[in-house]
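Notes follow once the structure below has been shown.
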Amino acid sequence: MTPRIASRRPSSDEYSSDYHGELIELVEGDCVLEALENQMYWLCELASHLSTEQVDKIHPPYHWTVRQVVEHCADAERVFGYRMLRLAAGDETSLPPWDENKYADSRFGLGNFAALVGEVGLLRQANVSLLRRIVPRAWDRSAEVDRQRITVRAIAWLAAGHLHHHLAIIEKRCGVEVPRGPGENRD
């Protein structure tokens, strides 16, 4: 039987992309609110272990610096939040895709790294606050995004899976492993 808490893991009929399913599977646990909040700990811990050289270096085969990846995560967090807001409100207007590469090409590049990490944190806090205040039935609302039907719940889990994906790559690129949540020890 599927748990009925609103923040539960989405069923496969709540999204239609295999890639979305892969991102959602990266996220541990059964409550996306907990996962979204714990990731902020992971991001801050990871950021505190990176040197300026690591942040501004391109690590082949990747094409973005770590700073650019964090900028991308801020952009994505904004997009996820806007989509969740629209769908939760019952707006069924089809939403277009977003081209993260166009956003990357237009980056300002002026933010210091700590400020970028803080920006992701503020955006994530805003998204968690939105999810905490919507009524449970709003989590089930859906609309077409990039020509694919998706629910608010699935978008929330995608936001968590997306950040997880990028933080794991940053750890690998920089040879750093940090705790992913409060109280977790990684020896």
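Here's how to read the names in the structure tokens: chain A, B, ... by the order shown, residue numbers from 1 in each chain, ligand numbers from 1 in the order shown.
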Please provide as a PyMOL selection string all residues within 10 Å of Ser17 (chain A), with the sequence filter that same-chain residues fewer than 4 positions apart are discarded (counting only C-alpha atoms).
-> chain A and resi 12-13+21-22+148-150
Show me, as CSV, the residues of region 2-59 of chain A having an atom within 10 Å of region 117-120 of chain A, each with the closest atom pair and its distance in Å, using only C-alpha atoms.
```
residue,atom,partner,partner_atom,distance
A:Met40,CA,A:Val120,CA,8.4
A:Leu43,CA,A:Val117,CA,7.4
A:Cys44,CA,A:Val117,CA,7.1
A:Ala47,CA,A:Val117,CA,7.4
A:Ser48,CA,A:Val117,CA,9.9
```
Take the residues from that selection and write them out as a PDB file, in the first residue's frame, keeping N, CA and C atoms.
```pdb
ATOM      1  N   MET A  40      20.773  20.745   2.215  1.00  0.00           N
ATOM      2  CA  MET A  40      21.411  22.020   2.508  1.00  0.00           C
ATOM      3  C   MET A  40      22.621  21.821   3.424  1.00  0.00           C
ATOM      4  N   LEU A  43      25.324  20.507   1.063  1.00  0.00           N
ATOM      5  CA  LEU A  43      25.883  21.582   0.247  1.00  0.00           C
ATOM      6  C   LEU A  43      26.835  22.453   1.057  1.00  0.00           C
ATOM      7  N   CYS A  44      26.428  22.850   2.253  1.00  0.00           N
ATOM      8  CA  CYS A  44      27.282  23.718   3.075  1.00  0.00           C
ATOM      9  C   CYS A  44      28.559  23.014   3.502  1.00  0.00           C
ATOM     10  N   ALA A  47      30.789  22.732   0.363  1.00  0.00           N
ATOM     11  CA  ALA A  47      31.345  24.039  -0.006  1.00  0.00           C
ATOM     12  C   ALA A  47      32.476  24.448   0.934  1.00  0.00           C
ATOM     13  N   SER A  48      32.351  24.111   2.216  1.00  0.00           N
ATOM     14  CA  SER A  48      33.371  24.514   3.186  1.00  0.00           C
ATOM     15  C   SER A  48      34.683  23.741   3.020  1.00  0.00           C
TER      16      SER A  48
END
```
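Comparing the minimum interatomic distances between Lys172 (chain A) and each of A:Arg78, A:His59, A:Ala126, A:Leu23, counting only C-alpha atoms, we find that A:His59 sits nearest.
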Check chain A with DSSP on the backbone and list each residue it calls helix (DSSP H, G or I), as a ChimeraX atom specification.
-> /A:12-14,18-26,32-48,52-55,66-88,100-105,113-133,136-140,152-174
Generate a file of the selected residues that holds C-alpha atoms, formatted as a JSON list (two decimals), in the first residue's frame.
```
[["chain", "number", "residue", "atom", "x", "y", "z"],
["A", 12, "SER", "CA", 5.90, 6.38, -11.83],
["A", 13, "ASP", "CA", 2.63, 7.72, -13.28],
["A", 14, "GLU", "CA", 3.36, 11.16, -11.76],
["A", 18, "ASP", "CA", 13.06, 7.89, -17.56],
["A", 19, "TYR", "CA", 15.63, 10.56, -16.71],
["A", 20, "HIS", "CA", 13.25, 11.99, -14.09],
["A", 21, "GLY", "CA", 12.91, 8.52, -12.61],
["A", 22, "GLU", "CA", 16.69, 8.18, -12.43],
["A", 23, "LEU", "CA", 17.03, 11.50, -10.58],
["A", 24, "ILE", "CA", 14.23, 10.63, -8.17],
["A", 25, "GLU", "CA", 15.87, 7.27, -7.41],
["A", 26, "LEU", "CA", 19.03, 9.08, -6.24],
["A", 32, "VAL", "CA", 11.02, 14.80, 0.20],
["A", 33, "LEU", "CA", 10.82, 17.62, 2.75],
["A", 34, "GLU", "CA", 13.44, 15.88, 4.89],
["A", 35, "ALA", "CA", 15.60, 15.18, 1.83],
["A", 36, "LEU", "CA", 15.39, 18.79, 0.62],
["A", 37, "GLU", "CA", 16.38, 20.12, 4.04],
["A", 38, "ASN", "CA", 19.20, 17.61, 4.59],
["A", 39, "GLN", "CA", 20.74, 18.52, 1.25],
["A", 40, "MET", "CA", 21.41, 22.02, 2.51],
["A", 41, "TYR", "CA", 23.65, 20.54, 5.18],
["A", 42, "TRP", "CA", 25.44, 18.52, 2.48],
["A", 43, "LEU", "CA", 25.88, 21.58, 0.25],
["A", 44, "CYS", "CA", 27.28, 23.72, 3.07],
["A", 45, "GLU", "CA", 29.63, 20.98, 4.30],
["A", 46, "LEU", "CA", 30.88, 20.35, 0.77],
["A", 47, "ALA", "CA", 31.35, 24.04, -0.01],
["A", 48, "SER", "CA", 33.37, 24.51, 3.19],
["A", 52, "THR", "CA", 39.24, 28.49, -4.67],
["A", 53, "GLU", "CA", 41.33, 26.46, -7.11],
["A", 54, "GLN", "CA", 38.82, 23.59, -6.99],
["A", 55, "VAL", "CA", 35.85, 25.94, -7.36],
["A", 66, "VAL", "CA", 32.22, 24.00, -9.77],
["A", 67, "ARG", "CA", 31.18, 27.66, -9.39],
["A", 68, "GLN", "CA", 29.18, 27.36, -12.63],
["A", 69, "VAL", "CA", 27.60, 24.13, -11.42],
["A", 70, "VAL", "CA", 26.42, 25.86, -8.25],
["A", 71, "GLU", "CA", 25.08, 28.76, -10.36],
["A", 72, "HIS", "CA", 23.24, 26.14, -12.43],
["A", 73, "CYS", "CA", 21.80, 24.65, -9.23],
["A", 74, "ALA", "CA", 20.53, 28.10, -8.20],
["A", 75, "ASP", "CA", 18.90, 28.55, -11.63],
["A", 76, "ALA", "CA", 17.32, 25.09, -11.41],
["A", 77, "GLU", "CA", 16.04, 25.72, -7.89],
["A", 78, "ARG", "CA", 14.26, 28.85, -9.17],
["A", 79, "VAL", "CA", 12.74, 26.95, -12.08],
["A", 80, "PHE", "CA", 11.60, 24.06, -9.86],
["A", 81, "GLY", "CA", 10.05, 26.53, -7.41],
["A", 82, "TYR", "CA", 8.15, 28.40, -10.11],
["A", 83, "ARG", "CA", 6.83, 25.18, -11.56],
["A", 84, "MET", "CA", 5.73, 23.87, -8.15],
["A", 85, "LEU", "CA", 3.98, 27.17, -7.39],
["A", 86, "ARG", "CA", 2.09, 27.18, -10.70],
["A", 87, "LEU", "CA", 0.99, 23.56, -10.48],
["A", 88, "ALA", "CA", 0.12, 23.71, -6.77],
["A", 100, "GLU", "CA", 20.12, 25.23, -18.88],
["A", 101, "ASN", "CA", 22.90, 25.77, -21.41],
["A", 102, "LYS", "CA", 21.47, 29.14, -22.46],
["A", 103, "TYR", "CA", 21.29, 30.10, -18.81],
["A", 104, "ALA", "CA", 24.89, 28.94, -18.36],
["A", 105, "ASP", "CA", 26.04, 30.96, -21.38],
["A", 113, "PHE", "CA", 31.20, 31.21, -4.04],
["A", 114, "ALA", "CA", 29.90, 31.59, -0.48],
["A", 115, "ALA", "CA", 27.20, 33.96, -1.74],
["A", 116, "LEU", "CA", 26.19, 31.43, -4.43],
["A", 117, "VAL", "CA", 25.92, 28.67, -1.85],
["A", 118, "GLY", "CA", 23.83, 31.02, 0.29],
["A", 119, "GLU", "CA", 21.62, 31.82, -2.69],
["A", 120, "VAL", "CA", 20.93, 28.14, -3.30],
["A", 121, "GLY", "CA", 20.09, 27.82, 0.40],
["A", 122, "LEU", "CA", 17.65, 30.73, 0.32],
["A", 123, "LEU", "CA", 15.95, 29.40, -2.80],
["A", 124, "ARG", "CA", 15.71, 25.93, -1.28],
["A", 125, "GLN", "CA", 14.26, 27.39, 1.94],
["A", 126, "ALA", "CA", 11.64, 29.26, -0.11],
["A", 127, "ASN", "CA", 10.71, 26.07, -1.97],
["A", 128, "VAL", "CA", 10.45, 24.03, 1.23],
["A", 129, "SER", "CA", 8.30, 26.79, 2.77],
["A", 130, "LEU", "CA", 6.00, 26.65, -0.26],
["A", 131, "LEU", "CA", 5.69, 22.87, -0.01],
["A", 132, "ARG", "CA", 4.99, 23.05, 3.73],
["A", 133, "ARG", "CA", 2.11, 25.50, 3.26],
["A", 136, "PRO", "CA", -2.09, 17.93, 0.72],
["A", 137, "ARG", "CA", -4.25, 17.64, -2.42],
["A", 138, "ALA", "CA", -2.08, 20.29, -4.14],
["A", 139, "TRP", "CA", 0.82, 17.81, -4.17],
["A", 140, "ASP", "CA", -1.25, 15.70, -6.60],
["A", 152, "VAL", "CA", 3.98, 18.93, -7.81],
["A", 153, "ARG", "CA", 5.24, 15.93, -5.80],
["A", 154, "ALA", "CA", 7.38, 14.70, -8.68],
["A", 155, "ILE", "CA", 8.86, 18.18, -9.22],
["A", 156, "ALA", "CA", 9.80, 18.37, -5.53],
["A", 157, "TRP", "CA", 11.55, 14.99, -5.76],
["A", 158, "LEU", "CA", 13.24, 16.11, -9.01],
["A", 159, "ALA", "CA", 14.59, 19.19, -7.25],
["A", 160, "ALA", "CA", 16.11, 16.91, -4.61],
["A", 161, "GLY", "CA", 17.42, 14.45, -7.21],
["A", 162, "HIS", "CA", 18.90, 17.23, -9.33],
["A", 163, "LEU", "CA", 20.88, 18.73, -6.46],
["A", 164, "HIS", "CA", 21.94, 15.27, -5.29],
["A", 165, "HIS", "CA", 23.25, 14.51, -8.79],
["A", 166, "HIS", "CA", 25.36, 17.66, -8.88],
["A", 167, "LEU", "CA", 26.67, 17.48, -5.32],
["A", 168, "ALA", "CA", 27.82, 13.88, -5.89],
["A", 169, "ILE", "CA", 29.65, 14.96, -9.04],
["A", 170, "ILE", "CA", 31.32, 17.85, -7.19],
["A", 171, "GLU", "CA", 32.50, 15.42, -4.49],
["A", 172, "LYS", "CA", 33.93, 13.12, -7.14],
["A", 173, "ARG", "CA", 35.56, 15.93, -9.14],
["A", 174, "CYS", "CA", 37.22, 17.46, -6.12]]
```
